[in-house]
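Content type compact mmCIF, C-alpha atoms and all ligand atoms, from the file protein.txt:
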# COMPACT_ATOMS: atom_id res chain seq x y z
CA MET W 14 0.00 0.00 0.00
CA SER W 15 1.28 3.46 -0.76
CA LYS W 16 0.07 6.95 -0.12
CA VAL W 17 1.13 10.23 -1.67
CA VAL W 18 0.99 13.03 0.86
CA LYS W 19 0.89 16.65 -0.21
CA PHE W 20 1.32 19.42 2.35
CA GLY W 21 0.13 22.96 1.71
CA GLY W 22 2.03 26.15 2.52
CA SER W 23 0.52 26.79 5.94
CA SER W 24 1.43 23.21 6.96
CA LEU W 25 5.07 24.03 6.20
CA ALA W 26 5.30 27.67 7.22
CA SER W 27 7.61 27.15 10.22
CA ALA W 28 9.81 24.58 11.97
CA GLU W 29 6.93 23.86 14.33
CA GLN W 30 4.65 23.04 11.42
CA PHE W 31 7.37 20.88 9.85
CA GLN W 32 7.51 18.89 13.08
CA LYS W 33 3.77 18.22 12.93
CA VAL W 34 4.20 17.11 9.32
CA GLY W 35 7.14 14.86 10.21
CA LYS W 36 5.03 13.20 12.88
CA ILE W 37 2.19 12.60 10.43
CA ILE W 38 4.51 11.06 7.83
CA ARG W 39 6.30 8.85 10.32
CA ALA W 40 3.01 7.64 11.78
CA GLU W 41 2.33 5.50 8.70
CA ALA W 42 4.96 3.70 6.63
CA GLU W 43 2.58 3.89 3.63
CA ARG W 44 3.11 7.65 3.47
CA ARG W 45 6.01 7.14 1.09
CA PHE W 46 5.91 9.99 -1.40
CA VAL W 47 5.83 13.56 -0.15
CA VAL W 48 4.91 16.65 -2.16
CA PRO W 49 5.60 19.92 -0.32
CA SER W 50 4.40 23.46 -1.11
CA ALA W 51 6.53 26.51 -0.36
CA PRO W 52 6.31 27.97 3.17
CA GLY W 53 3.00 29.82 3.52
CA LYS W 54 1.76 32.29 6.08
CA ARG W 55 2.72 31.85 9.74
CA PHE W 56 0.10 34.38 10.85
CA SER W 57 -2.71 36.16 9.04
CA ASP W 58 -0.80 39.16 7.67
CA ASP W 59 2.40 37.24 6.99
CA ILE W 60 3.57 36.91 3.35
CA LYS W 61 3.81 33.57 1.54
CA VAL W 62 7.31 32.76 0.29
CA THR W 63 5.90 32.36 -3.24
CA ASP W 64 4.68 35.97 -3.14
CA MET W 65 8.03 37.14 -1.73
CA LEU W 66 9.77 35.40 -4.64
CA TYR W 67 7.51 37.02 -7.22
CA SER W 68 8.12 40.51 -5.86
CA CYS W 69 11.84 39.92 -5.42
CA TYR W 70 12.07 38.78 -9.02
CA ASP W 71 10.12 41.83 -10.22
CA LEU W 72 12.94 43.97 -8.81
CA ALA W 73 15.57 41.81 -10.52
CA GLU W 74 13.69 42.01 -13.81
CA ALA W 75 13.54 45.81 -13.52
CA GLY W 76 17.32 45.87 -12.97
CA LYS W 77 16.88 47.08 -9.36
CA ASP W 78 18.72 45.89 -6.27
CA PHE W 79 17.00 42.83 -4.77
CA LYS W 80 19.55 41.72 -2.15
CA ALA W 81 17.49 42.60 0.92
CA GLU W 82 14.39 40.90 -0.49
CA LEU W 83 16.30 37.73 -1.31
CA GLN W 84 17.89 37.80 2.12
CA ALA W 85 14.43 37.96 3.73
CA ILE W 86 13.44 34.84 1.78
CA LYS W 87 16.60 33.05 2.86
CA ALA W 88 15.84 34.02 6.47
CA ARG W 89 12.50 32.19 6.24
CA TYR W 90 14.26 28.96 5.27
CA ASP W 91 17.13 29.42 7.70
CA GLU W 92 14.62 29.80 10.53
CA ILE W 93 13.05 26.45 9.60
CA ILE W 94 16.44 24.73 9.29
CA ALA W 95 17.57 26.09 12.66
CA GLY W 96 14.27 25.17 14.33
CA LEU W 97 14.60 21.60 13.06
CA LYS W 98 18.29 21.51 14.07
CA LEU W 99 19.34 20.26 10.65
CA LYS W 100 22.89 20.19 9.39
CA LEU W 101 21.98 21.80 6.13
CA SER W 102 23.02 25.01 4.44
CA LEU W 103 21.22 26.64 1.54
CA ASP W 104 24.03 29.18 0.98
CA GLU W 105 25.14 27.60 -2.30
CA GLU W 106 21.55 27.37 -3.52
CA PHE W 107 21.02 31.06 -2.85
CA VAL W 108 24.22 31.99 -4.72
CA THR W 109 22.80 30.15 -7.75
CA ILE W 110 19.37 31.74 -7.33
CA GLU W 111 20.88 35.24 -7.12
CA LYS W 112 22.92 34.61 -10.26
CA ASN W 113 19.89 33.29 -12.14
CA PHE W 114 17.75 36.23 -11.01
CA LYS W 115 20.40 38.61 -12.35
CA GLU W 116 20.38 36.71 -15.61
CA LYS W 117 16.58 37.07 -15.70
CA ALA W 118 15.70 33.40 -15.53
CA GLY W 119 11.99 34.29 -15.50
CA SER W 120 9.24 34.60 -12.91
CA ASN W 121 8.29 30.92 -13.24
CA TYR W 122 11.79 29.92 -12.23
CA ALA W 123 11.69 32.44 -9.38
CA ALA W 124 8.39 31.21 -7.96
CA SER W 125 9.38 27.55 -8.28
CA ARG W 126 12.32 28.04 -5.90
CA GLY W 127 9.80 28.19 -3.05
CA GLU W 128 8.90 24.52 -3.30
CA TYR W 129 12.34 23.47 -4.59
CA LEU W 130 14.07 24.72 -1.42
CA ASN W 131 11.33 23.47 0.86
CA GLY W 132 11.69 20.07 -0.82
CA ILE W 133 15.41 20.01 -0.06
CA ILE W 134 14.70 20.77 3.62
CA MET W 135 11.92 18.20 3.78
CA ALA W 136 14.07 15.45 2.22
CA ASN W 137 16.89 16.24 4.62
CA TYR W 138 14.55 16.28 7.62
CA LEU W 139 12.90 12.97 6.74
CA GLY W 140 15.95 11.22 5.30
CA PHE W 141 14.08 10.69 2.01
CA GLU W 142 15.48 11.05 -1.49
CA PHE W 143 15.01 14.47 -3.12
CA ILE W 144 13.85 14.56 -6.71
CA ASP W 145 13.91 17.88 -8.57
CA SER W 146 10.53 18.17 -10.29
CA ALA W 147 12.19 19.79 -13.32
CA THR W 148 13.61 16.35 -14.13
CA VAL W 149 10.34 14.42 -13.90
CA ILE W 150 7.42 16.77 -14.66
CA PHE W 151 7.12 18.14 -18.18
CA PHE W 152 5.29 20.73 -20.24
CA ASP W 153 5.19 20.81 -24.05
CA GLU W 154 6.39 23.65 -26.29
CA ASN W 155 3.00 25.37 -25.93
CA GLY W 156 3.34 25.35 -22.17
CA GLU W 157 0.66 22.67 -21.73
CA PHE W 158 1.25 19.93 -19.18
CA ASP W 159 2.62 16.85 -20.95
CA ALA W 160 0.82 14.05 -19.10
CA ASP W 161 2.16 11.12 -21.14
CA LYS W 162 5.83 12.04 -20.98
CA THR W 163 5.55 12.93 -17.29
CA ASP W 164 3.82 9.69 -16.37
CA LYS W 165 6.44 7.65 -18.21
CA VAL W 166 9.50 9.38 -16.75
CA LEU W 167 8.08 9.90 -13.26
CA SER W 168 6.81 6.36 -12.76
CA GLU W 169 10.15 5.00 -13.99
CA ARG W 170 12.05 7.32 -11.64
CA LEU W 171 9.95 6.44 -8.61
CA LYS W 172 9.81 2.71 -9.32
CA GLY W 173 11.65 0.78 -6.66
CA LEU W 174 12.11 3.80 -4.40
CA LYS W 175 10.88 3.36 -0.86
CA ASN W 176 10.47 7.07 -0.24
CA ALA W 177 10.92 10.34 -2.06
CA VAL W 178 10.21 14.05 -1.87
CA VAL W 179 8.97 15.66 -5.09
CA PRO W 180 8.42 19.42 -4.73
CA GLY W 181 5.08 20.77 -5.91
CA PHE W 182 4.10 23.47 -8.39
CA TYR W 183 6.69 23.19 -11.19
CA GLY W 184 8.26 21.16 -13.96
CA ALA W 185 10.27 21.87 -17.10
CA LEU W 186 9.63 22.93 -20.69
CA PRO W 187 11.22 20.96 -23.55
CA ASP W 188 14.18 23.41 -23.58
CA GLY W 189 14.79 22.80 -19.87
CA ARG W 190 13.41 26.11 -18.60
CA VAL W 191 11.33 25.86 -15.44
CA LYS W 192 7.58 26.34 -15.72
CA THR W 193 5.02 26.45 -12.92
CA PHE W 194 1.40 25.40 -12.84
CA SER W 195 -1.11 28.11 -11.92
CA ARG W 196 -1.27 29.30 -8.30
CA GLY W 197 -2.05 26.55 -5.83
CA GLY W 198 -0.54 24.12 -8.31
CA SER W 199 1.21 21.85 -5.80
CA ASP W 200 -2.14 20.05 -5.56
CA ILE W 201 -1.66 19.13 -9.21
CA THR W 202 1.85 17.76 -8.60
CA GLY W 203 0.48 15.60 -5.78
CA SER W 204 -2.16 14.21 -8.09
CA ILE W 205 0.38 13.50 -10.85
CA VAL W 206 2.70 11.70 -8.42
CA ALA W 207 -0.22 9.67 -7.04
CA LYS W 208 -1.08 8.53 -10.55
CA ALA W 209 2.54 7.71 -11.40
CA VAL W 210 3.04 5.44 -8.38
CA LYS W 211 -0.53 4.08 -8.59
CA ALA W 212 -1.09 5.17 -5.02
CA ASP W 213 -3.97 3.78 -3.03
CA VAL W 214 -4.76 7.20 -1.61
CA TYR W 215 -3.76 10.78 -2.33
CA GLU W 216 -3.72 12.60 1.00
CA ASN W 217 -3.89 16.37 0.71
CA TRP W 218 -2.96 18.01 4.01
CA THR W 219 -4.07 21.56 4.62
CA ASP W 220 -5.19 23.81 7.46
CA ALA W 221 -8.91 22.97 7.35
CA SER W 222 -10.64 19.78 8.38
CA GLY W 223 -11.73 18.90 4.89
CA VAL W 224 -14.28 20.44 2.60
CA LEU W 225 -17.03 22.41 4.31
CA ILE W 226 -20.68 22.35 3.31
CA ALA W 227 -20.71 26.11 2.80
CA ASP W 228 -18.36 29.09 2.85
CA PRO W 229 -17.30 29.82 6.46
CA ARG W 230 -17.25 33.53 5.65
CA ILE W 231 -21.03 33.29 5.24
CA ILE W 232 -22.00 30.46 7.59
CA ASP W 233 -20.65 30.41 11.11
CA ASN W 234 -18.73 27.22 11.71
CA PRO W 235 -20.23 25.17 8.87
CA GLN W 236 -20.15 21.39 9.06
CA GLY W 237 -17.63 19.38 7.08
CA ILE W 238 -18.40 16.99 4.22
CA GLU W 239 -17.44 13.36 4.89
CA VAL W 240 -17.62 12.00 1.36
CA ILE W 241 -18.03 13.91 -1.88
CA THR W 242 -17.82 12.68 -5.47
CA TYR W 243 -15.50 14.23 -8.04
CA ARG W 244 -18.54 15.45 -9.97
CA GLU W 245 -20.08 17.13 -6.96
CA LEU W 246 -16.78 18.78 -6.14
CA ARG W 247 -16.45 19.98 -9.72
CA GLU W 248 -19.87 21.65 -9.52
CA LEU W 249 -18.98 23.30 -6.23
CA SER W 250 -15.46 24.33 -7.32
CA TYR W 251 -16.88 25.95 -10.40
CA MET W 252 -19.13 27.99 -8.17
CA GLY W 253 -16.37 29.16 -5.89
CA PHE W 254 -15.20 26.35 -3.57
CA SER W 255 -11.45 26.63 -3.35
CA VAL W 256 -10.15 23.83 -1.15
CA PHE W 257 -8.47 21.97 -3.92
CA HIS W 258 -7.03 23.04 -7.29
CA GLU W 259 -9.52 22.11 -10.03
CA ASP W 260 -6.87 20.74 -12.40
CA ALA W 261 -5.66 18.38 -9.70
CA ILE W 262 -8.76 16.24 -9.95
CA SER W 263 -8.33 14.83 -13.42
CA PRO W 264 -5.12 12.72 -13.01
CA VAL W 265 -6.36 10.86 -9.93
CA ARG W 266 -9.92 10.68 -11.15
CA LYS W 267 -8.81 8.89 -14.30
CA ALA W 268 -6.70 6.52 -12.24
CA GLY W 269 -9.51 5.89 -9.74
CA ILE W 270 -7.46 7.09 -6.76
CA PRO W 271 -9.47 8.66 -3.92
CA ILE W 272 -8.36 11.95 -2.39
CA ASN W 273 -8.45 12.47 1.35
CA ILE W 274 -8.33 16.11 2.46
CA ARG W 275 -6.85 16.29 5.97
CA ASN W 276 -5.91 18.87 8.57
CA THR W 277 -2.25 19.05 9.62
CA ASN W 278 -3.32 20.80 12.82
CA ALA W 279 -5.92 18.12 13.66
CA PRO W 280 -4.60 14.86 12.21
CA GLU W 281 -6.98 12.79 14.30
CA GLU W 282 -9.92 14.05 12.24
CA PRO W 283 -10.92 11.92 9.23
CA GLY W 284 -11.28 14.90 6.87
CA THR W 285 -13.12 14.66 3.56
CA TRP W 286 -12.96 11.83 1.05
CA ILE W 287 -13.25 12.75 -2.61
CA VAL W 288 -14.21 9.65 -4.58
CA GLY W 289 -15.40 8.52 -8.01
CA SER W 290 -18.66 7.09 -6.78
CA THR W 291 -20.00 5.87 -3.51
CA CYS W 292 -22.95 4.07 -2.01
CA GLN W 293 -22.53 6.20 1.09
CA LYS W 294 -25.33 8.67 1.39
CA SER W 295 -24.31 12.14 2.44
CA LYS W 296 -25.40 13.09 5.93
CA TYR W 297 -27.87 15.59 4.51
CA VAL W 298 -29.80 15.60 1.25
CA ILE W 299 -27.44 18.22 -0.04
CA THR W 300 -23.68 17.81 -0.11
CA GLY W 301 -22.72 21.46 -0.43
CA ILE W 302 -23.79 24.99 -1.31
CA ALA W 303 -21.67 27.45 -3.27
CA GLY W 304 -22.25 30.59 -5.24
CA LYS W 305 -20.88 33.64 -6.96
CA LYS W 306 -21.96 37.23 -7.34
CA GLY W 307 -21.59 39.46 -10.37
CA PHE W 308 -23.82 38.12 -13.12
CA CYS W 309 -26.06 39.83 -15.67
CA SER W 310 -29.12 38.39 -17.34
CA VAL W 311 -30.00 39.28 -20.89
CA ASN W 312 -33.64 38.57 -21.45
CA ILE W 313 -34.72 38.27 -25.08
CA GLU W 314 -38.39 38.23 -25.98
CA LYS W 315 -39.97 37.53 -29.34
CA ASP W 316 -43.48 36.53 -30.19
CA MET W 317 -43.67 33.04 -31.75
CA MET W 318 -40.00 32.46 -30.95
CA ASN W 319 -40.80 28.80 -30.33
CA SER W 320 -41.48 28.12 -33.99
CA GLU W 321 -38.38 29.86 -35.32
CA ILE W 322 -35.83 27.15 -35.99
CA GLY W 323 -32.27 28.15 -35.10
CA PHE W 324 -33.37 30.95 -32.78
CA GLY W 325 -31.35 29.69 -29.81
CA ARG W 326 -28.26 29.16 -31.91
CA ARG W 327 -28.42 32.70 -33.28
CA VAL W 328 -28.90 34.16 -29.79
CA LEU W 329 -25.79 32.38 -28.57
CA GLN W 330 -23.95 33.41 -31.74
CA ALA W 331 -24.36 37.06 -30.71
CA PHE W 332 -22.44 36.26 -27.52
CA GLU W 333 -19.92 34.06 -29.28
CA GLU W 334 -19.13 36.76 -31.85
CA ASN W 335 -18.16 39.01 -28.95
CA GLY W 336 -16.08 36.41 -27.14
CA ILE W 337 -18.47 36.09 -24.19
CA SER W 338 -19.15 32.73 -22.59
CA PHE W 339 -22.56 32.06 -21.08
CA GLU W 340 -23.40 30.44 -17.76
CA HIS W 341 -27.04 29.45 -18.03
CA VAL W 342 -29.77 29.76 -20.61
CA PRO W 343 -33.22 29.26 -19.11
CA SER W 344 -35.98 29.66 -21.69
CA GLY W 345 -39.75 30.05 -21.98
CA ILE W 346 -42.07 29.83 -24.98
CA ASP W 347 -41.38 33.33 -26.22
CA THR W 348 -38.39 34.24 -24.05
CA MET W 349 -34.84 33.18 -23.67
CA THR W 350 -32.48 34.48 -20.99
CA VAL W 351 -28.73 34.33 -21.12
CA PHE W 352 -26.71 34.61 -17.90
CA VAL W 353 -23.24 36.07 -18.34
CA HIS W 354 -20.43 37.38 -16.13
CA GLN W 355 -21.06 41.06 -15.58
CA ASP W 356 -17.40 42.14 -15.79
CA GLU W 357 -16.96 40.32 -19.10
CA PHE W 358 -20.22 41.58 -20.56
CA MET W 359 -20.31 45.20 -19.38
CA HIS W 360 -17.94 46.71 -21.95
CA LYS W 361 -19.41 44.76 -24.82
CA GLU W 362 -23.04 45.20 -23.85
CA GLN W 363 -24.15 47.38 -26.77
CA LYS W 364 -22.22 45.31 -29.28
CA VAL W 365 -24.07 42.20 -28.09
CA VAL W 366 -27.40 44.04 -28.26
CA ALA W 367 -26.63 45.15 -31.82
CA ALA W 368 -25.69 41.59 -32.78
CA LEU W 369 -28.91 40.26 -31.23
CA ASN W 370 -30.96 42.81 -33.16
CA ARG W 371 -29.25 41.82 -36.37
CA LEU W 372 -29.39 38.05 -35.82
CA VAL W 373 -32.78 37.42 -34.17
CA LYS W 374 -34.77 40.66 -34.49
CA PRO W 375 -36.30 40.37 -31.01
CA ASP W 376 -39.35 42.33 -29.78
CA THR W 377 -37.50 43.41 -26.62
CA ILE W 378 -34.16 42.97 -24.94
CA ASP W 379 -34.06 43.53 -21.22
CA ILE W 380 -30.81 43.52 -19.24
CA GLU W 381 -30.64 43.04 -15.50
CA ALA W 382 -27.38 43.46 -13.57
CA ASP W 383 -26.04 42.60 -10.10
CA LEU W 384 -27.28 39.05 -9.88
CA ALA W 385 -25.82 36.12 -7.98
CA LEU W 386 -25.97 32.41 -8.79
CA ILE W 387 -26.14 29.78 -6.09
CA ALA W 388 -25.55 26.07 -6.69
CA VAL W 389 -27.12 23.58 -4.32
CA VAL W 390 -25.31 20.32 -5.02
CA GLY W 391 -26.01 16.79 -3.85
CA ARG W 392 -26.01 13.26 -5.20
CA GLY W 393 -28.81 12.57 -2.74
CA MET W 394 -31.23 14.96 -4.46
CA LYS W 395 -32.03 12.53 -7.25
CA ALA W 396 -33.66 10.10 -4.87
CA THR W 397 -35.29 12.59 -2.54
CA ARG W 398 -38.66 14.14 -3.11
CA GLY W 399 -39.31 17.75 -2.25
CA THR W 400 -35.75 19.09 -2.38
CA ALA W 401 -36.64 21.95 -4.70
CA ALA W 402 -39.75 22.70 -2.66
CA ARG W 403 -37.69 22.97 0.50
CA ILE W 404 -35.19 25.31 -1.13
CA PHE W 405 -37.86 27.62 -2.46
CA SER W 406 -39.97 27.71 0.66
CA ALA W 407 -36.84 28.53 2.69
CA LEU W 408 -36.10 31.39 0.31
CA ALA W 409 -39.68 32.61 0.34
CA HIS W 410 -39.74 32.61 4.14
CA ASN W 411 -36.69 34.84 4.03
CA ASP W 412 -38.32 37.23 1.61
CA ILE W 413 -35.87 36.38 -1.12
CA ASN W 414 -37.02 36.80 -4.66
CA VAL W 415 -35.87 33.99 -6.95
CA LYS W 416 -34.89 35.31 -10.39
CA MET W 417 -33.92 32.06 -12.07
CA ILE W 418 -34.11 28.32 -11.50
CA ASP W 419 -32.12 25.73 -13.39
CA GLN W 420 -31.90 22.06 -12.50
CA GLY W 421 -28.99 20.26 -14.14
CA SER W 422 -30.13 17.24 -16.15
CA SER W 423 -28.02 14.98 -13.93
CA GLU W 424 -30.20 16.05 -10.99
CA LEU W 425 -26.98 16.68 -9.16
CA ASN W 426 -27.59 20.36 -8.68
CA ILE W 427 -30.14 23.13 -8.60
CA ILE W 428 -28.94 26.57 -9.63
CA ILE W 429 -30.79 29.58 -8.32
CA GLY W 430 -30.42 33.19 -9.41
CA VAL W 431 -31.01 35.95 -6.82
CA ALA W 432 -30.06 39.61 -6.46
CA ASN W 433 -26.46 40.16 -5.29
CA GLU W 434 -27.78 41.75 -2.11
CA ASP W 435 -29.75 38.60 -1.22
CA PHE W 436 -26.80 36.27 -1.80
CA GLU W 437 -25.59 35.70 1.76
CA GLN W 438 -29.08 35.50 3.21
CA ALA W 439 -30.11 32.95 0.57
CA ILE W 440 -27.16 30.69 1.39
CA LYS W 441 -27.94 30.98 5.10
CA ALA W 442 -31.58 30.06 4.47
CA ILE W 443 -30.67 26.98 2.43
CA TYR W 444 -28.03 25.83 4.92
CA ASP W 445 -30.49 26.33 7.71
CA ILE W 446 -33.25 24.23 6.19
CA PHE W 447 -31.06 21.28 5.15
CA VAL W 448 -28.36 21.17 7.82
CA LEU W 449 -29.58 22.90 10.96
CA THR W 450 -33.30 22.18 11.07
CA LYS W 451 -33.13 19.10 8.84
CA ILE W 452 -36.88 19.14 8.25
N1 LIG O 1 3.30 27.95 -3.63
C1 LIG O 1 2.40 28.03 -4.75
C2 LIG O 1 1.35 29.08 -4.48
O1 LIG O 1 1.41 29.78 -3.48
C3 LIG O 1 1.81 26.71 -5.09
C4 LIG O 1 1.08 26.00 -3.97
O2 LIG O 1 1.23 26.32 -2.80
O3 LIG O 1 0.31 25.09 -4.27
O4 LIG O 1 0.47 29.25 -5.28

For this file, write the structure as structure tokens.
Amino acid sequence: MSKVVKFGGSSLASAEQFQKVGKIIRAEAERRFVVPSAPGKRFSDDIKVTDMLYSCYDLAEAGKDFKAELQAIKARYDEIIAGLKLKLSLDEEFVTIEKNFKEKAGSNYAASRGEYLNGIIMANYLGFEFIDSATVIFFDENGEFDADKTDKVLSERLKGLKNAVVPGFYGALPDGRVKTFSRGGSDITGSIVAKAVKADVYENWTDASGVLIADPRIIDNPQGIEVITYRELRELSYMGFSVFHEDAISPVRKAGIPINIRNTNAPEEPGTWIVGSTCQKSKYVITGIAGKKGFCSVNIEKDMMNSEIGFGRRVLQAFEENGISFEHVPSGIDTMTVFVHQDEFMHKEQKVVAALNRLVKPDTIDIEADLALIAVVGRGMKATRGTAARIFSALAHNDINVKMIDQGSSELNIIIGVANEDFEQAIKAIYDIFVLTKI
């Protein structure tokens, strides 16, 4: 049995956190492959090492002096090394980094040093082999992740190794230059390593006890989710959940490896399991609630629209021509509404209206701004009567006007449109009815 364990930045922000991580890894021999992030925040207004590296490199790129900034980064690592009482010096590494910064090695290279150096410390601390991700994780000439090449080289490299540390977040382009994934990308590395070693579990250690049912900034102390499917998580991530990098799901999902989100500061808690499918019912009918503000609806009305073949296609063409993607398209007999992101749509509004007039000659076009979309997601909804009724009566009792309803054909979610100003209250009302009162 083998597990890949990825630790986020806050789990590795200080020597004290490293010690907790060391304890977790040593507690189970199956925790063989470790993927560290760069040191994160030690306290709320601290700065993540990745951000320090980006700003330090900006100075280097502008030809300004960056010594003090680089020294501050080195101090973060030296503090960890001293706290762990390791016989390790990063002096040589920092000489190389300084030289490469001066030679303008690029901001990807700069940011990647955060996990690279943390990986060296981690390997030294655990007595595991260190593997530079630039030698095992690859991107193609267009900068896209090269899954086939990576899987081949990485699985070969890790074969037969008892333990290893593979730093998160970066790999190499065909010409050898370092390239990073998008922010939060160490999750992706963890997933890639899990696939390469055919791990039984991908453990993702963070500073929260798993995925929560709703956003804790809106709901006080929301409950955690025990088991969630990849599809449910995808729906919720799309609508704003940010526990886990979206692109990290695909490698393990394809390989059928479950993800277990755990809390470094509370390792006794089981956390959340993210799985392909499950016969385990979620504790409540709904698995999670998420949402986003900042949408516009474009309501198009035309008498006898229903008999005009190609009407819908032409409506969407008006948006396509202007490079605007749509979110939802609820329709009636003589109306069709297109939900779009307000910030994307705002500047192109009149161009879209002109295109609609040209393409579909509507009777009226009515635009409404400042709307929010809320997704209520749950695999349990399919088999439960009255879910929609409960949502809408909860909203009605809270005096919230529902502007749009859309149930996905998989019956996995119900999307509701409300005014931006009703957003928080609507989420509270839905959480209340399903989780707190459970009626
Ligand atoms: N250190 C990188 C970031 O801050 C990647 C990661 O932590 O996953 O985005």

Residue contacts of stretch 69-77 of chain W (12 Å, only C-alpha atoms) excluding same-chain residues fewer than 2 positions away, as a PyMOL selection string: chain W and resi 62-67+79-87+110-126

Determine, using only C-alpha atoms, which residues of stretch 201-317 of chain W have any atom at most 9 Å from an atom of stretch 171-192 of chain W, and tabulate each with its shortest atom pair and distance in Å to one decimal place, rows ordered by chain and then rising number, as a tab-separated table.
residue	atom	partner	partner_atom	distance
W:Ile201	CA	W:Phe182	CA	7.3
W:Thr202	CA	W:Gly181	CA	5.2
W:Gly203	CA	W:Gly181	CA	6.9
W:Val206	CA	W:Val179	CA	8.1
W:Ala209	CA	W:Leu171	CA	8.0
W:Val210	CA	W:Leu171	CA	7.0

Could you make a table, as a Markdown table, of the residues of chain W that have an atom within 12 Å of an atom of ligand LIG 1 (chain O), each with its nearest atom pair and distance in Å to one decimal, counting all atoms listed in the file, in chain and number order?
| residue | atom | partner | partner_atom | distance |
| --- | --- | --- | --- | --- |
| W:Lys19 | CA | O:LIG1 | O3 | 9.4 |
| W:Phe20 | CA | O:LIG1 | O2 | 8.6 |
| W:Gly21 | CA | O:LIG1 | O2 | 5.7 |
| W:Gly22 | CA | O:LIG1 | O2 | 5.4 |
| W:Ser23 | CA | O:LIG1 | O2 | 8.8 |
| W:Ser24 | CA | O:LIG1 | O2 | 10.2 |
| W:Leu25 | CA | O:LIG1 | O2 | 10.0 |
| W:Ala26 | CA | O:LIG1 | O2 | 10.9 |
| W:Val48 | CA | O:LIG1 | O3 | 9.8 |
| W:Pro49 | CA | O:LIG1 | O2 | 8.1 |
| W:Ser50 | CA | O:LIG1 | O2 | 4.6 |
| W:Ala51 | CA | O:LIG1 | N1 | 4.8 |
| W:Pro52 | CA | O:LIG1 | N1 | 7.4 |
| W:Gly53 | CA | O:LIG1 | O1 | 7.2 |
| W:Lys54 | CA | O:LIG1 | O1 | 9.9 |
| W:Ile60 | CA | O:LIG1 | O1 | 10.1 |
| W:Lys61 | CA | O:LIG1 | O1 | 6.7 |
| W:Val62 | CA | O:LIG1 | N1 | 7.4 |
| W:Thr63 | CA | O:LIG1 | N1 | 5.1 |
| W:Asp64 | CA | O:LIG1 | O1 | 7.0 |
| W:Met65 | CA | O:LIG1 | O1 | 10.1 |
| W:Leu66 | CA | O:LIG1 | N1 | 9.9 |
| W:Tyr67 | CA | O:LIG1 | O1 | 10.2 |
| W:Asn121 | CA | O:LIG1 | C1 | 10.7 |
| W:Ala123 | CA | O:LIG1 | N1 | 11.1 |
| W:Ala124 | CA | O:LIG1 | N1 | 7.4 |
| W:Ser125 | CA | O:LIG1 | N1 | 7.7 |
| W:Arg126 | CA | O:LIG1 | N1 | 9.3 |
| W:Gly127 | CA | O:LIG1 | N1 | 6.5 |
| W:Glu128 | CA | O:LIG1 | N1 | 6.6 |
| W:Tyr129 | CA | O:LIG1 | N1 | 10.1 |
| W:Leu130 | CA | O:LIG1 | N1 | 11.5 |
| W:Asn131 | CA | O:LIG1 | N1 | 10.2 |
| W:Gly132 | CA | O:LIG1 | N1 | 11.8 |
| W:Pro180 | CA | O:LIG1 | C3 | 9.8 |
| W:Gly181 | CA | O:LIG1 | O3 | 6.6 |
| W:Phe182 | CA | O:LIG1 | C3 | 5.2 |
| W:Tyr183 | CA | O:LIG1 | C3 | 8.6 |
| W:Thr193 | CA | O:LIG1 | C3 | 8.5 |
| W:Phe194 | CA | O:LIG1 | C3 | 7.9 |
| W:Ser195 | CA | O:LIG1 | O4 | 6.9 |
| W:Arg196 | CA | O:LIG1 | O4 | 3.5 |
| W:Gly197 | CA | O:LIG1 | O3 | 3.2 |
| W:Gly198 | CA | O:LIG1 | O3 | 4.2 |
| W:Ser199 | CA | O:LIG1 | O3 | 3.7 |
| W:Asp200 | CA | O:LIG1 | O3 | 5.8 |
| W:Ile201 | CA | O:LIG1 | O3 | 8.0 |
| W:Thr202 | CA | O:LIG1 | O3 | 8.7 |
| W:Gly203 | CA | O:LIG1 | O3 | 9.6 |
| W:Ser204 | CA | O:LIG1 | O3 | 11.8 |
| W:Asn217 | CA | O:LIG1 | O3 | 10.9 |
| W:Trp218 | CA | O:LIG1 | O3 | 11.4 |
| W:Thr219 | CA | O:LIG1 | O2 | 10.3 |
| W:Ser255 | CA | O:LIG1 | O3 | 11.9 |
| W:Val256 | CA | O:LIG1 | O3 | 11.0 |
| W:Phe257 | CA | O:LIG1 | O3 | 9.3 |
| W:His258 | CA | O:LIG1 | O3 | 8.2 |
| W:Glu259 | CA | O:LIG1 | O3 | 11.8 |
| W:Asp260 | CA | O:LIG1 | O3 | 11.7 |
| W:Ala261 | CA | O:LIG1 | O3 | 10.5 |

Neighbour residues at most 10 Å from (-24.6, 32.4, -6.5) (only C-alpha atoms) as a PyMOL selection string: chain W and resi 252-253+302-308+384-389+428-433+435-437+439-440

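The residue that comes closest to W:Lys208, out of W:Val149, W:Val17, W:Val390, W:Ala402 and on the basis of only C-alpha atoms, is W:Val17.
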
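Between atom CA of W:His360 and atom CA of W:Ile378 the separation is 16.9 Å.
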
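Atom pair atom CA of W:Glu106 / atom CA of W:Ile133: separated by 10.2 Å.
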
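The spacing separating atom CA of W:Asn273 from atom CA of W:Leu246 amounts to 12.9 Å.
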
W:Ile313, W:Cys292, W:Ile238, W:Val214 ranked by distance to W:Leu372, top pick (using only C-alpha atoms): W:Ile313

Quick one: 8 Å padding each side, axis-aligned, all listed atoms of stretch 344-347 of chain W - centre and edge lengths in Å to one decimal, as AutoDock Vina command-line options?
--center_x -39.0 --center_y 31.5 --center_z -24.0 --size_x 22.1 --size_y 19.7 --size_z 20.5

Can you list, as a compact mmCIF listing (two decimals) with C-alpha atoms, in the frame of the given file, every protein, DNA or RNA residue that comes within 9 Å of W:Val265 when you count all atoms listed in the file, leaving out same-chain residues fewer than 6 positions away?
# COMPACT_ATOMS: atom_id res chain seq x y z
CA SER W 204 -2.16 14.21 -8.09
CA ILE W 205 0.38 13.50 -10.85
CA ALA W 207 -0.22 9.67 -7.04
CA LYS W 208 -1.08 8.53 -10.55
CA TYR W 215 -3.76 10.78 -2.33
CA PRO W 271 -9.47 8.66 -3.92
CA ILE W 272 -8.36 11.95 -2.39
